[in-house]
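Structure, as structure tokens:
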Amino acid sequence: MRGAYVAQGFTAEAAGSKTLATTVVLVDRCLGLIALVLVAAIGTLLASLGGIEVPGARWLWLASAAGLAIAIPVIAIPNSVGHLLAPLRALDRPWVTERAQKLEDAVFRFRAAPRAVVGTFVGALVVQITIVAFYLLTAQGLSVPLPVFLGAVLIPVSLALQMAPVSINGFGVREAVFAFFFRRFGLPTEAAVALSLVSTGMVMGLSLVGGVFFLKRR
């Protein structure tokens with residue numbers, strides 16, 4: 001969540017509006033989450049084709065369908081957002097009305113640039129697949145026999161559950177999800193914890209390097 005606030009702060013400066021910046025960040029997060037769940041659902045399909053049933057596969061497909069069913073009408077039919085915001089306008093508060101109008105205008109901008117929205121979603125899919133590949137390569141480096149289909153399910157599911165505000169940076173939640181799936185497929189819990197912590201440490205280290213370069217630019 002803190003990353004979203006930071007992104008909103010930098011975006012607001014470029015967009016010239018906190019409402020517009022919040023809308024951009026919200027759309028980015030929603031498309032990313034849908035891509036995350038979709039990659040996990042595709043992983044369950046690969047497992048099913050291999051004769052292996054993954055628990056909760058149906059819910060992943062339902063979540064993917066629900067996300068797309070909500071996102072597509074909002075962007076394709078921006079007038080629907082205006083109807084949803086009608087109760088806010090009924091409050092007759094200038095501050096609320098102004099921001100509701102800015103939010104509706106932002107949705108119309110997305111509608112006017114469908115290629116950009118589709119490109120963003122495709123980019124989100126590429127990012128999630130890259131993250132899965134990163135974990136699979138890390139598992140290979142640790143000599144952990146993590147199947148591709150399991151990684152395609154395990155990684156997105158763990159990332160989605162980490163969004164719940166019950167831990168600091170997902171510590172504990174991530175390891176529990178890894179351990180659950182590893183035990184389910186006959187892999188040792190120690191390997192699950194090791195993969196989770198090593199991968200997280202590598203990501204944090206790379207993020208810090210990026211932070212140093214960012215501070216130097218400023």
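Following the order of the structure tokens, first chain is A, next is B, and so on, with residues numbered from 1 inside each chain and ligands from 1 in the order they appear.
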Tell me, as a PyMOL selection string, which residues lie within 9 Å of stretch 160-176 of chain A, counting only C-alpha atoms; anything in the same chain fewer than 3 positions away does not count. chain A and resi 1+33+36-37+155-157+179-181+192-197
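Restricting the calculation to only C-alpha atoms, the smallest distance between A:Pro114 and any of A:Ile77, A:Gly67, A:Val127, A:Val96 is found for A:Ile77.
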Write out as a ChimeraX atom specification all residues of stretch 25-199 of chain A that backbone DSSP assigns to helix (DSSP H, G or I). /A:25-49,57-76,79-84,86-90,94-111,114-141,148-161,173-184,189-199
A:Val126, A:Val203, A:Ala152, A:Ala76: which is nearest A:Ala113, counting only C-alpha atoms?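 Closest to A:Ala113, using only C-alpha atoms: A:Ala76.
Take the candidates A:Thr22, A:Thr97, A:Thr120, A:Thr44 and check each one against A:Gly151 using only C-alpha atoms; the shortest distance goes to A:Thr44.
When only C-alpha atoms are used to measure the gap to A:Ala63, the shortest distance among A:Ala35, A:Arg183, A:Leu84, A:Ile75 belongs to A:Ala35.
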Tell me which protein, DNA and RNA residues are within 12 Å of A:Gly56, counting only C-alpha atoms, leaving out same-chain ones fewer than 2 positions away, and put them as an MDAnalysis selection string. chainID A and resid 37 40:41 43:45 53:54 58:63 153:154 157 181
Counting only C-alpha atoms, what is within 12 Å of A:Leu137, bar same-chain residues fewer than 4 positions away, as a PyMOL selection string? chain A and resi 130-133+141-148+151+195+198-199
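Nearest residue to A:Tyr135, choosing from A:Val212, A:Val24, A:Val118, A:Leu150 and counting only C-alpha atoms: A:Leu150.
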Please measure the separation of atom CA of A:Ile72 and atom CA of A:Arg29, giving the value in Å to one decimal. 14.8 Å
Interatomic distance between atom CA of A:Leu38 and atom CA of A:Val107?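 Interatomic distance, atom CA of A:Leu38 to atom CA of A:Val107: 23.3 Å.
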Between A:Thr138, A:Arg217, A:Leu31, A:Phe182, single out the one closest to A:Gly201, counting only C-alpha atoms.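 The closest residue to A:Gly201 is A:Thr138.
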Interatomic distance (Å, one decimal) between atom CA of A:Pro94 and atom CA of A:Pro73: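 Computing the Euclidean distance for atom CA of A:Pro94 and atom CA of A:Pro73 yields 27.7 Å.
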